[in-house]
$ cat my_file-v3.cif   # mmCIF, C-alpha atoms
data_model
#
loop_
_atom_site.label_atom_id
_atom_site.label_comp_id
_atom_site.auth_asym_id
_atom_site.auth_seq_id
_atom_site.Cartn_x
_atom_site.Cartn_y
_atom_site.Cartn_z
CA THR A 1434 -51.90 -65.61 17.35
CA VAL A 1435 -51.93 -63.42 14.24
CA GLY A 1436 -51.27 -66.22 11.75
CA GLU A 1437 -50.53 -69.94 11.41
CA ALA A 1438 -49.90 -72.59 8.77
CA ASP A 1439 -48.95 -76.24 8.38
CA VAL A 1440 -45.37 -77.07 7.41
CA GLU A 1441 -44.87 -78.71 3.99
CA ASP A 1442 -43.06 -82.03 3.55
CA ASP A 1443 -39.89 -80.14 2.59
CA GLY A 1444 -40.01 -78.05 5.77
CA SER A 1445 -41.24 -74.85 4.11
CA PHE A 1446 -44.19 -72.83 5.26
CA THR A 1447 -46.06 -69.68 4.30
CA VAL A 1448 -48.12 -67.58 6.69
CA VAL A 1449 -50.22 -64.67 5.47
CA VAL A 1450 -50.90 -62.12 8.21
CA GLN A 1451 -53.75 -59.74 7.58
CA PRO A 1452 -53.77 -56.91 8.52
CA PRO A 1453 -49.95 -56.76 8.10
CA LEU A 1454 -47.42 -56.82 10.90
CA VAL A 1455 -47.28 -53.50 12.72
CA ASP A 1456 -44.24 -51.40 11.89
CA ASP A 1457 -41.37 -51.91 14.39
CA GLU A 1458 -43.35 -54.38 16.51
CA GLU A 1459 -41.71 -57.71 17.46
CA TYR A 1460 -43.41 -61.04 16.80
CA ASP A 1461 -42.55 -64.60 17.96
CA VAL A 1462 -42.49 -67.34 15.35
CA THR A 1463 -42.65 -70.87 16.82
CA ALA A 1464 -43.09 -74.43 15.56
CA GLU A 1465 -45.21 -77.02 17.37
CA ASP A 1466 -44.96 -80.74 16.62
CA LYS A 1467 -47.78 -83.28 16.69
CA ASP A 1468 -47.05 -84.03 20.35
CA GLY A 1469 -47.54 -80.41 21.36
CA ASN A 1470 -43.85 -79.61 21.86
CA THR A 1471 -43.09 -75.98 20.99
CA SER A 1472 -39.79 -74.64 19.75
CA GLU A 1473 -37.92 -71.61 21.01
CA PRO A 1474 -39.26 -68.51 19.26
CA GLU A 1475 -37.63 -66.79 16.33
CA ILE A 1476 -38.14 -63.04 16.49
CA ILE A 1477 -39.27 -61.03 13.48
CA VAL A 1478 -40.00 -57.33 13.35
CA GLY A 1479 -42.76 -55.68 11.35
CA ASP A 1480 -41.61 -53.24 8.70
CA THR A 1481 -44.02 -51.16 6.65
CA THR A 1482 -41.69 -48.22 6.04
CA PRO A 1483 -40.41 -47.93 2.46
CA PRO A 1484 -36.79 -46.97 1.81
CA GLU A 1485 -35.85 -43.43 0.86
CA LYS A 1486 -35.84 -43.00 -2.91
CA PRO A 1487 -32.44 -43.71 -4.44
CA PHE A 1488 -29.92 -40.89 -4.81
CA ILE A 1489 -28.47 -40.76 -8.30
CA GLU A 1490 -24.80 -39.78 -8.38
CA GLU A 1491 -24.06 -40.20 -12.07
CA VAL A 1492 -25.60 -41.31 -15.36
CA LYS A 1493 -22.96 -42.05 -18.00
CA ASN A 1494 -23.24 -43.46 -21.50
CA ASN A 1495 -20.74 -46.07 -22.69
CA PHE A 1496 -19.50 -46.05 -26.28
CA ASP A 1497 -18.27 -48.66 -28.75
CA ASP A 1498 -15.11 -48.35 -30.84
CA ASP A 1499 -16.99 -46.29 -33.43
CA GLY A 1500 -18.15 -43.77 -30.84
CA ASP A 1501 -21.77 -44.95 -30.85
CA VAL A 1502 -23.69 -45.20 -27.58
CA GLU A 1503 -24.14 -48.86 -26.60
CA SER A 1504 -25.15 -48.77 -22.91
CA THR A 1505 -25.75 -46.49 -19.93
CA THR A 1506 -24.35 -46.88 -16.41
CA ILE A 1507 -26.27 -45.45 -13.45
CA THR A 1508 -24.53 -45.16 -10.08
CA GLY A 1509 -25.87 -43.92 -6.77
CA LYS A 1510 -26.89 -44.76 -3.22
CA ALA A 1511 -29.91 -46.55 -1.77
CA GLU A 1512 -30.87 -48.41 1.40
CA PRO A 1513 -28.17 -51.08 2.02
CA GLY A 1514 -29.33 -54.49 0.84
CA SER A 1515 -32.30 -53.10 -1.08
CA THR A 1516 -33.08 -54.13 -4.63
CA VAL A 1517 -32.68 -51.20 -7.00
CA GLU A 1518 -34.67 -51.35 -10.24
CA ILE A 1519 -34.85 -49.13 -13.30
CA THR A 1520 -38.09 -49.22 -15.28
CA ASP A 1521 -39.01 -47.57 -18.57
CA GLU A 1522 -42.15 -45.60 -19.39
CA ASP A 1523 -44.02 -48.87 -20.10
CA GLY A 1524 -43.14 -50.31 -16.69
CA ASN A 1525 -40.56 -52.76 -18.03
CA VAL A 1526 -37.55 -53.42 -15.81
CA VAL A 1527 -34.47 -52.54 -17.88
CA GLY A 1528 -31.89 -53.01 -15.11
CA GLU A 1529 -31.56 -54.03 -11.49
CA THR A 1530 -29.00 -54.72 -8.79
CA THR A 1531 -28.61 -54.93 -5.00
CA ALA A 1532 -27.21 -52.00 -3.03
CA ASP A 1533 -24.10 -53.06 -1.08
CA LYS A 1534 -23.58 -52.75 2.68
CA ASP A 1535 -22.69 -49.08 2.25
CA GLY A 1536 -25.70 -48.41 0.04
CA ASN A 1537 -23.70 -48.05 -3.19
CA PHE A 1538 -25.15 -49.41 -6.41
CA GLU A 1539 -24.23 -49.51 -10.11
CA ILE A 1540 -26.49 -50.64 -12.92
CA MET A 1541 -25.53 -50.96 -16.58
CA VAL A 1542 -28.48 -50.77 -18.95
CA GLU A 1543 -27.94 -52.24 -22.40
CA PRO A 1544 -29.04 -51.01 -24.88
CA ALA A 1545 -28.61 -47.46 -23.58
CA LEU A 1546 -31.39 -45.34 -22.09
CA LYS A 1547 -33.41 -43.82 -24.92
CA ASP A 1548 -32.87 -40.15 -25.64
CA GLY A 1549 -35.48 -37.97 -23.93
CA GLU A 1550 -37.27 -40.89 -22.23
CA ASN A 1551 -38.00 -40.84 -18.49
CA TYR A 1552 -37.00 -43.81 -16.34
CA GLU A 1553 -37.93 -44.57 -12.72
CA VAL A 1554 -35.32 -45.77 -10.25
CA THR A 1555 -36.73 -47.39 -7.09
CA ALA A 1556 -35.43 -49.28 -4.05
CA THR A 1557 -37.30 -52.24 -2.53
CA ASP A 1558 -36.36 -53.63 0.89
CA ASP A 1559 -36.51 -57.20 2.20
CA HIS A 1560 -40.10 -56.62 3.38
CA ASN A 1561 -41.19 -55.68 -0.16
CA ASN A 1562 -41.63 -52.00 0.69
CA THR A 1563 -40.81 -49.89 -2.37
CA SER A 1564 -39.55 -46.33 -2.34
CA GLU A 1565 -40.86 -43.37 -4.26
CA PRO A 1566 -39.16 -43.25 -7.69
CA GLU A 1567 -36.24 -41.07 -8.64
CA ILE A 1568 -36.42 -39.99 -12.27
CA VAL A 1569 -33.54 -40.15 -14.73
CA VAL A 1570 -33.79 -39.07 -18.36
CA GLY A 1571 -31.95 -40.72 -21.22
CA ASP A 1572 -29.60 -38.50 -23.21
CA THR A 1573 -27.68 -39.64 -26.26
CA GLU A 1574 -27.33 -36.25 -27.99
CA ALA A 1575 -23.97 -34.48 -27.97
CA PRO A 1576 -23.81 -30.70 -27.48
CA ASN A 1577 -24.37 -28.57 -30.58
CA ILE A 1578 -21.47 -26.13 -31.10
CA SER A 1579 -21.64 -23.32 -33.67
CA ASP A 1580 -20.63 -19.75 -34.57
CA ILE A 1581 -16.96 -20.12 -33.61
CA THR A 1582 -14.99 -16.89 -33.96
CA VAL A 1583 -11.30 -16.21 -33.23
CA GLU A 1584 -9.96 -12.70 -32.64
CA GLN A 1585 -6.73 -11.08 -31.49
CA TRP A 1586 -7.05 -8.53 -28.71
CA ASP A 1587 -4.25 -6.10 -27.97
CA THR A 1588 -4.30 -5.62 -24.20
CA SER A 1589 -1.24 -3.38 -23.86
CA ASP A 1590 -1.78 -0.06 -22.13
CA PRO A 1591 -2.18 1.94 -24.23
CA ALA A 1592 -3.01 -0.49 -27.01
CA ASN A 1593 -0.26 -0.22 -29.62
CA GLY A 1594 -1.72 -2.47 -32.28
CA LYS A 1595 1.21 -4.88 -32.12
CA PHE A 1596 0.88 -8.58 -31.40
CA ASP A 1597 3.31 -8.88 -28.49
CA GLU A 1598 3.27 -10.86 -25.23
CA ASP A 1599 0.42 -8.74 -23.90
CA THR A 1600 -1.93 -9.80 -26.70
CA GLU A 1601 -4.72 -12.30 -26.08
CA THR A 1602 -6.43 -14.65 -28.50
CA VAL A 1603 -10.15 -14.63 -27.80
CA VAL A 1604 -12.44 -17.41 -29.02
CA THR A 1605 -16.23 -17.18 -28.84
CA PHE A 1606 -18.77 -19.86 -29.70
CA THR A 1607 -22.43 -20.77 -29.22
CA THR A 1608 -23.83 -24.00 -27.75
CA ASP A 1609 -27.17 -25.46 -26.72
CA ASP A 1610 -26.00 -27.33 -23.60
CA PRO A 1611 -25.11 -25.24 -20.53
CA GLU A 1612 -24.38 -28.39 -18.48
CA ALA A 1613 -21.57 -29.56 -20.75
CA GLU A 1614 -17.88 -28.87 -20.18
CA TYR A 1615 -16.02 -27.17 -23.02
CA LEU A 1616 -12.38 -27.40 -24.01
CA VAL A 1617 -10.78 -25.10 -26.59
CA THR A 1618 -7.44 -26.12 -28.13
CA ASP A 1619 -5.22 -24.91 -30.94
CA GLU A 1620 -3.59 -27.04 -33.65
CA SER A 1621 -0.75 -28.06 -31.32
CA GLY A 1622 -3.12 -29.15 -28.54
CA ARG A 1623 -2.54 -26.10 -26.35
CA GLU A 1624 -5.59 -25.44 -24.19
CA ALA A 1625 -7.22 -22.08 -23.59
CA ASP A 1626 -6.45 -20.59 -20.19
CA ASN A 1627 -10.13 -20.38 -19.32
CA VAL A 1628 -13.56 -20.96 -20.84
CA THR A 1629 -16.38 -18.80 -19.47
CA ALA A 1630 -20.14 -19.01 -19.97
CA ASN A 1631 -21.66 -15.65 -20.86
CA GLY A 1632 -25.17 -16.59 -19.71
CA ASP A 1633 -26.80 -16.25 -23.13
CA GLY A 1634 -25.72 -19.52 -24.76
CA THR A 1635 -22.36 -18.12 -25.82
CA TYR A 1636 -18.95 -18.88 -24.34
CA THR A 1637 -15.62 -17.06 -24.36
CA ALA A 1638 -12.22 -18.75 -24.23
CA ILE A 1639 -8.93 -16.84 -23.87
CA PHE A 1640 -5.36 -17.80 -24.75
CA ILE A 1641 -2.73 -15.77 -22.84
CA PRO A 1642 -0.32 -15.08 -24.45
CA ALA A 1643 -1.83 -15.09 -27.92
CA LEU A 1644 -1.53 -18.21 -30.05
CA GLU A 1645 2.00 -18.44 -31.39
CA GLY A 1646 2.28 -17.38 -35.01
CA SER A 1647 -1.17 -15.76 -35.06
CA SER A 1648 -1.77 -12.42 -36.66
CA GLU A 1649 -4.78 -10.33 -37.46
CA ASN A 1650 -4.96 -11.82 -40.93
CA ASN A 1651 -3.56 -15.28 -40.18
CA ILE A 1652 -5.28 -16.67 -37.09
CA LYS A 1653 -4.66 -20.31 -36.27
CA SER A 1654 -7.50 -22.81 -36.30
CA VAL A 1655 -8.97 -23.83 -32.96
CA THR A 1656 -11.14 -26.80 -31.97
CA VAL A 1657 -14.01 -26.54 -29.49
CA THR A 1658 -14.93 -29.83 -27.78
CA GLY A 1659 -18.02 -30.17 -25.61
CA THR A 1660 -18.71 -33.11 -23.30
CA ASP A 1661 -22.04 -33.32 -21.49
CA PRO A 1662 -22.63 -35.06 -18.12
CA TYR A 1663 -23.67 -38.26 -19.94
CA GLY A 1664 -20.34 -38.45 -21.78
CA ASN A 1665 -21.75 -37.42 -25.17
CA GLN A 1666 -19.07 -35.45 -27.00
CA ALA A 1667 -18.88 -33.19 -30.04
CA SER A 1668 -16.00 -31.23 -31.61
CA GLU A 1669 -16.15 -28.36 -34.06
CA LYS A 1670 -13.56 -26.13 -35.73
#
$ encode --input "my_file-v3.cif" --output "structure tokens"
Amino acid sequence: TVGEADVEDDGSFTVVVQPPLVDDEEYDVTAEDKDGNTSEPEIIVGDTTPPEKPFIEEVKNNFDDDGDVESTTITGKAEPGSTVEITDEDGNVVGETTADKDGNFEIMVEPALKDGENYEVTATDDHNNTSEPEIVVGDTEAPNISDITVEQWDTSDPANGKFDEDTETVVTFTTDDPEAEYLVTDESGREADNVTANGDGTYTAIFIPALEGSSENNIKSVTVTGTDPYGNQASEK
């Protein structure tokens, strides 16, 4: 016998086993009445192994009608049936849920995760074993886009200086967020054929053929829109 207790009037009981049940070892739980009759055993298995730390698939901010961040949704995978909690830097639980049978979980934190603050995401199984934390960082800042330039490049061979179907419109800009996705459009909504990171904080976007109606002295306005992984978005002309 590693532990025993009397049953309460409502049929409940609590047994504290110390040292704890050995991991993966089976134990019989039986009930014995006042006449010495013993029930069939119920089998329990010791579990001292914590779950793997949760895997975070996505952290996305949610926005109100005015475009302000109002909440953050965290999705990922954890041990099926485990309780997934998100705690702030002060140890306060700001969100929790139960991973489904496939291990999927989704937690919406409202108000949103604070910009630049670290949060711990843990999984706790039915035996109260808690995983190592996975860290997520709040981000409510949109990318900063600046230094937008628009030029016409004559790509004919040899270059003849005319703006014909061989001419490209080349847009360059600077940004502080290499993880964001950038979209460059003209006034009509036409999108650049490609947007390429140059590795130094600048990007190049190319329209082929050149923007309709553009000329060296009359280049159409373009809009650069950046959206980071959290859904924060900024647009500049």
$ atom_distance --input "my_file-v3.cif" --atom1 "atom CA of Pro1611 of chain A" --atom2 "atom CA of Phe1538 of chain A"
28.0 Å
$ residues_around --input "my_file-v3.cif" --residues "Glu1669 of chain A" --least-positions-apart "2" --cutoff "10 Å" --atoms "only C-alpha atoms" --output "PyMOL selection string"
chain A and resi 1577-1581+1606+1617+1655-1659+1667
$ residues_around --input "my_file-v3.cif" --residues "Tyr1663 of chain A" --least-positions-apart "3" --cutoff "12 Å" --atoms "all atoms listed in the file" --output "ChimeraX atom specification"
/A:1490-1496,1502,1504-1507,1545-1546,1548,1569-1576,1610,1612-1614,1659-1660,1666
$ atom_distance --input "my_file-v3.cif" --atom1 "atom CA of Thr1582 of chain A" --atom2 "atom CA of Ala1625 of chain A"
14.0 Å
$ resolve_selection --input "my_file-v3.cif" --expression "the PyMOL selection byres ((chain A and resi 1449) around 8)" --output "list of chain:residue names"
A:Gly1436, A:Glu1437, A:Thr1447, A:Val1448, A:Val1450, A:Gln1451
$ closest_residue --input "my_file-v3.cif" --among "A:Asp1521, A:Asp1499, A:Asp1439, A:Glu1620" --to "Lys1467 of chain A" --atoms "all atoms listed in the file"
A:Asp1439
$ resolve_selection --input "my_file-v3.cif" --expression "the PyMOL selection byres ((chain A and resi 1459) around 12)" --output "PDB file with C-alpha atoms, in the coordinates of the input"
ATOM      1  CA  LEU A1454     -47.420 -56.820  10.900  1.00  0.00           C
ATOM      2  CA  VAL A1455     -47.280 -53.500  12.720  1.00  0.00           C
ATOM      3  CA  ASP A1456     -44.240 -51.400  11.890  1.00  0.00           C
ATOM      4  CA  ASP A1457     -41.370 -51.910  14.390  1.00  0.00           C
ATOM      5  CA  GLU A1458     -43.350 -54.380  16.510  1.00  0.00           C
ATOM      6  CA  TYR A1460     -43.410 -61.040  16.800  1.00  0.00           C
ATOM      7  CA  ASP A1461     -42.550 -64.600  17.960  1.00  0.00           C
ATOM      8  CA  VAL A1462     -42.490 -67.340  15.350  1.00  0.00           C
ATOM      9  CA  PRO A1474     -39.260 -68.510  19.260  1.00  0.00           C
ATOM     10  CA  GLU A1475     -37.630 -66.790  16.330  1.00  0.00           C
ATOM     11  CA  ILE A1476     -38.140 -63.040  16.490  1.00  0.00           C
ATOM     12  CA  ILE A1477     -39.270 -61.030  13.480  1.00  0.00           C
ATOM     13  CA  VAL A1478     -40.000 -57.330  13.350  1.00  0.00           C
ATOM     14  CA  GLY A1479     -42.760 -55.680  11.350  1.00  0.00           C
ATOM     15  CA  ASP A1480     -41.610 -53.240   8.700  1.00  0.00           C
TER      16      ASP A1480
END
$ atom_distance --input "my_file-v3.cif" --atom1 "atom CA of Val1604 of chain A" --atom2 "atom CA of Gly1500 of chain A"
27.0 Å
$ closest_residue --input "my_file-v3.cif" --among "A:Thr1463, A:Thr1637, A:Ser1621, A:Thr1531" --to "Thr1605 of chain A" --atoms "only C-alpha atoms"
A:Thr1637
$ residues_around --input "my_file-v3.cif" --residues "Glu1565 of chain A" --least-positions-apart "3" --cutoff "12 Å" --atoms "all atoms listed in the file" --output "list of chain:residue names"
A:Thr1482, A:Pro1483, A:Pro1484, A:Glu1485, A:Lys1486, A:Pro1487, A:Phe1488, A:Ala1511, A:Val1517, A:Glu1518, A:Glu1553, A:Val1554, A:Thr1555, A:Ala1556, A:Thr1557, A:Asn1562, A:Ile1568
$ axis_aligned_box --input "my_file-v3.cif" --around "segment 1542-1558 of chain A" --padding-each-side "4 Å" --output "JSON"
{"center_x": -33.0, "center_y": -45.8, "center_z": -12.4, "size_x": 18.1, "size_y": 23.7, "size_z": 34.5}
$ resolve_selection --input "my_file-v3.cif" --expression "the PyMOL selection byres ((chain A and resi 1640) around 10)" --output "ChimeraX atom specification"
/A:1585,1600-1604,1617-1619,1623-1628,1638-1639,1641-1645
$ write_last_selection --input "my_file-v3.cif" --atoms "C-alpha atoms" --output "PDB file, in the coordinates of the input"
ATOM      1  CA  GLN A1585      -6.730 -11.080 -31.490  1.00  0.00           C
ATOM      2  CA  THR A1600      -1.930  -9.800 -26.700  1.00  0.00           C
ATOM      3  CA  GLU A1601      -4.720 -12.300 -26.080  1.00  0.00           C
ATOM      4  CA  THR A1602      -6.430 -14.650 -28.500  1.00  0.00           C
ATOM      5  CA  VAL A1603     -10.150 -14.630 -27.800  1.00  0.00           C
ATOM      6  CA  VAL A1604     -12.440 -17.410 -29.020  1.00  0.00           C
ATOM      7  CA  VAL A1617     -10.780 -25.100 -26.590  1.00  0.00           C
ATOM      8  CA  THR A1618      -7.440 -26.120 -28.130  1.00  0.00           C
ATOM      9  CA  ASP A1619      -5.220 -24.910 -30.940  1.00  0.00           C
ATOM     10  CA  ARG A1623      -2.540 -26.100 -26.350  1.00  0.00           C
ATOM     11  CA  GLU A1624      -5.590 -25.440 -24.190  1.00  0.00           C
ATOM     12  CA  ALA A1625      -7.220 -22.080 -23.590  1.00  0.00           C
ATOM     13  CA  ASP A1626      -6.450 -20.590 -20.190  1.00  0.00           C
ATOM     14  CA  ASN A1627     -10.130 -20.380 -19.320  1.00  0.00           C
ATOM     15  CA  VAL A1628     -13.560 -20.960 -20.840  1.00  0.00           C
ATOM     16  CA  ALA A1638     -12.220 -18.750 -24.230  1.00  0.00           C
ATOM     17  CA  ILE A1639      -8.930 -16.840 -23.870  1.00  0.00           C
ATOM     18  CA  ILE A1641      -2.730 -15.770 -22.840  1.00  0.00           C
ATOM     19  CA  PRO A1642      -0.320 -15.080 -24.450  1.00  0.00           C
ATOM     20  CA  ALA A1643      -1.830 -15.090 -27.920  1.00  0.00           C
ATOM     21  CA  LEU A1644      -1.530 -18.210 -30.050  1.00  0.00           C
ATOM     22  CA  GLU A1645       2.000 -18.440 -31.390  1.00  0.00           C
TER      23      GLU A1645
END
$ decode --input "my_file-v3.cif" --residues "segment 1614-1625 of chain A" --atoms "all heavy atoms" --output "PDB file, in the first residue's frame"
ATOM      1  N   GLU A1614       5.388  41.373 -45.360  1.00  0.00           N
ATOM      2  CA  GLU A1614       5.164  41.217 -46.792  1.00  0.00           C
ATOM      3  C   GLU A1614       4.767  42.577 -47.363  1.00  0.00           C
ATOM      4  O   GLU A1614       3.978  43.300 -46.752  1.00  0.00           O
ATOM      5  CB  GLU A1614       4.063  40.190 -47.067  1.00  0.00           C
ATOM      6  CG  GLU A1614       4.436  38.774 -46.667  1.00  0.00           C
ATOM      7  CD  GLU A1614       3.374  37.766 -47.066  1.00  0.00           C
ATOM      8  OE1 GLU A1614       2.332  38.193 -47.619  1.00  0.00           O
ATOM      9  OE2 GLU A1614       3.582  36.573 -46.820  1.00  0.00           O
ATOM     10  N   TYR A1615       5.307  42.877 -48.549  1.00  0.00           N
ATOM     11  CA  TYR A1615       5.094  44.201 -49.129  1.00  0.00           C
ATOM     12  C   TYR A1615       4.409  44.091 -50.480  1.00  0.00           C
ATOM     13  O   TYR A1615       4.748  43.235 -51.298  1.00  0.00           O
ATOM     14  CB  TYR A1615       6.426  44.946 -49.251  1.00  0.00           C
ATOM     15  CG  TYR A1615       7.032  45.220 -47.901  1.00  0.00           C
ATOM     16  CD1 TYR A1615       7.960  44.337 -47.347  1.00  0.00           C
ATOM     17  CD2 TYR A1615       6.630  46.313 -47.152  1.00  0.00           C
ATOM     18  CE1 TYR A1615       8.482  44.561 -46.087  1.00  0.00           C
ATOM     19  CE2 TYR A1615       7.149  46.547 -45.894  1.00  0.00           C
ATOM     20  CZ  TYR A1615       8.075  45.673 -45.363  1.00  0.00           C
ATOM     21  OH  TYR A1615       8.580  45.891 -44.110  1.00  0.00           O
ATOM     22  N   LEU A1616       3.442  44.986 -50.678  1.00  0.00           N
ATOM     23  CA  LEU A1616       2.680  45.051 -51.916  1.00  0.00           C
ATOM     24  C   LEU A1616       2.804  46.466 -52.470  1.00  0.00           C
ATOM     25  O   LEU A1616       2.614  47.447 -51.733  1.00  0.00           O
ATOM     26  CB  LEU A1616       1.210  44.723 -51.648  1.00  0.00           C
ATOM     27  CG  LEU A1616       0.246  44.788 -52.831  1.00  0.00           C
ATOM     28  CD1 LEU A1616       0.555  43.677 -53.828  1.00  0.00           C
ATOM     29  CD2 LEU A1616      -1.199  44.677 -52.342  1.00  0.00           C
ATOM     30  N   VAL A1617       3.140  46.566 -53.752  1.00  0.00           N
ATOM     31  CA  VAL A1617       3.273  47.869 -54.396  1.00  0.00           C
ATOM     32  C   VAL A1617       2.226  47.955 -55.498  1.00  0.00           C
ATOM     33  O   VAL A1617       2.155  47.085 -56.379  1.00  0.00           O
ATOM     34  CB  VAL A1617       4.686  48.058 -54.969  1.00  0.00           C
ATOM     35  CG1 VAL A1617       4.815  49.433 -55.612  1.00  0.00           C
ATOM     36  CG2 VAL A1617       5.739  47.893 -53.867  1.00  0.00           C
ATOM     37  N   THR A1618       1.406  49.004 -55.470  1.00  0.00           N
ATOM     38  CA  THR A1618       0.326  49.168 -56.444  1.00  0.00           C
ATOM     39  C   THR A1618       0.344  50.585 -57.009  1.00  0.00           C
ATOM     40  O   THR A1618       0.814  51.529 -56.360  1.00  0.00           O
ATOM     41  CB  THR A1618      -1.053  48.917 -55.805  1.00  0.00           C
ATOM     42  OG1 THR A1618      -1.217  49.801 -54.689  1.00  0.00           O
ATOM     43  CG2 THR A1618      -1.180  47.472 -55.329  1.00  0.00           C
ATOM     44  N   ASP A1619      -0.199  50.713 -58.236  1.00  0.00           N
ATOM     45  CA  ASP A1619      -0.338  52.053 -58.793  1.00  0.00           C
ATOM     46  C   ASP A1619      -1.729  52.589 -58.473  1.00  0.00           C
ATOM     47  O   ASP A1619      -2.497  51.966 -57.719  1.00  0.00           O
ATOM     48  CB  ASP A1619      -0.039  52.047 -60.294  1.00  0.00           C
ATOM     49  CG  ASP A1619      -1.142  51.384 -61.116  1.00  0.00           C
ATOM     50  OD1 ASP A1619      -2.122  50.869 -60.533  1.00  0.00           O
ATOM     51  OD2 ASP A1619      -1.030  51.371 -62.355  1.00  0.00           O
ATOM     52  N   GLU A1620      -2.078  53.736 -59.072  1.00  0.00           N
ATOM     53  CA  GLU A1620      -3.343  54.396 -58.752  1.00  0.00           C
ATOM     54  C   GLU A1620      -4.552  53.556 -59.148  1.00  0.00           C
ATOM     55  O   GLU A1620      -5.633  53.700 -58.570  1.00  0.00           O
ATOM     56  CB  GLU A1620      -3.392  55.758 -59.436  1.00  0.00           C
ATOM     57  CG  GLU A1620      -2.333  56.718 -58.916  1.00  0.00           C
ATOM     58  CD  GLU A1620      -2.189  57.940 -59.803  1.00  0.00           C
ATOM     59  OE1 GLU A1620      -2.617  57.864 -60.977  1.00  0.00           O
ATOM     60  OE2 GLU A1620      -1.659  58.956 -59.330  1.00  0.00           O
ATOM     61  N   SER A1621      -4.387  52.684 -60.142  1.00  0.00           N
ATOM     62  CA  SER A1621      -5.510  51.865 -60.607  1.00  0.00           C
ATOM     63  C   SER A1621      -5.623  50.554 -59.839  1.00  0.00           C
ATOM     64  O   SER A1621      -6.547  49.782 -60.067  1.00  0.00           O
ATOM     65  CB  SER A1621      -5.344  51.564 -62.099  1.00  0.00           C
ATOM     66  OG  SER A1621      -4.241  50.683 -62.314  1.00  0.00           O
ATOM     67  N   GLY A1622      -4.664  50.284 -58.952  1.00  0.00           N
ATOM     68  CA  GLY A1622      -4.666  49.035 -58.203  1.00  0.00           C
ATOM     69  C   GLY A1622      -3.808  47.950 -58.817  1.00  0.00           C
ATOM     70  O   GLY A1622      -3.726  46.846 -58.281  1.00  0.00           O
ATOM     71  N   ARG A1623      -3.157  48.249 -59.932  1.00  0.00           N
ATOM     72  CA  ARG A1623      -2.262  47.265 -60.552  1.00  0.00           C
ATOM     73  C   ARG A1623      -1.089  46.983 -59.623  1.00  0.00           C
ATOM     74  O   ARG A1623      -0.475  47.887 -59.076  1.00  0.00           O
ATOM     75  CB  ARG A1623      -1.762  47.785 -61.902  1.00  0.00           C
ATOM     76  CG  ARG A1623      -0.735  46.860 -62.567  1.00  0.00           C
ATOM     77  CD  ARG A1623      -0.171  47.482 -63.823  1.00  0.00           C
ATOM     78  NE  ARG A1623       1.037  46.807 -64.261  1.00  0.00           N
ATOM     79  CZ  ARG A1623       1.858  47.271 -65.186  1.00  0.00           C
ATOM     80  NH1 ARG A1623       1.597  48.431 -65.781  1.00  0.00           N
ATOM     81  NH2 ARG A1623       2.938  46.601 -65.506  1.00  0.00           N
ATOM     82  N   GLU A1624      -0.752  45.703 -59.474  1.00  0.00           N
ATOM     83  CA  GLU A1624       0.314  45.300 -58.570  1.00  0.00           C
ATOM     84  C   GLU A1624       1.632  45.136 -59.322  1.00  0.00           C
ATOM     85  O   GLU A1624       1.653  44.722 -60.488  1.00  0.00           O
ATOM     86  CB  GLU A1624      -0.036  43.971 -57.881  1.00  0.00           C
ATOM     87  CG  GLU A1624      -1.280  44.034 -57.020  1.00  0.00           C
ATOM     88  CD  GLU A1624      -1.594  42.702 -56.367  1.00  0.00           C
ATOM     89  OE1 GLU A1624      -0.768  41.773 -56.465  1.00  0.00           O
ATOM     90  OE2 GLU A1624      -2.680  42.594 -55.759  1.00  0.00           O
ATOM     91  N   ALA A1625       2.714  45.442 -58.629  1.00  0.00           N
ATOM     92  CA  ALA A1625       4.037  45.218 -59.206  1.00  0.00           C
ATOM     93  C   ALA A1625       4.228  43.737 -59.469  1.00  0.00           C
ATOM     94  O   ALA A1625       3.687  42.875 -58.758  1.00  0.00           O
ATOM     95  CB  ALA A1625       5.116  45.733 -58.265  1.00  0.00           C
TER      96      ALA A1625
END
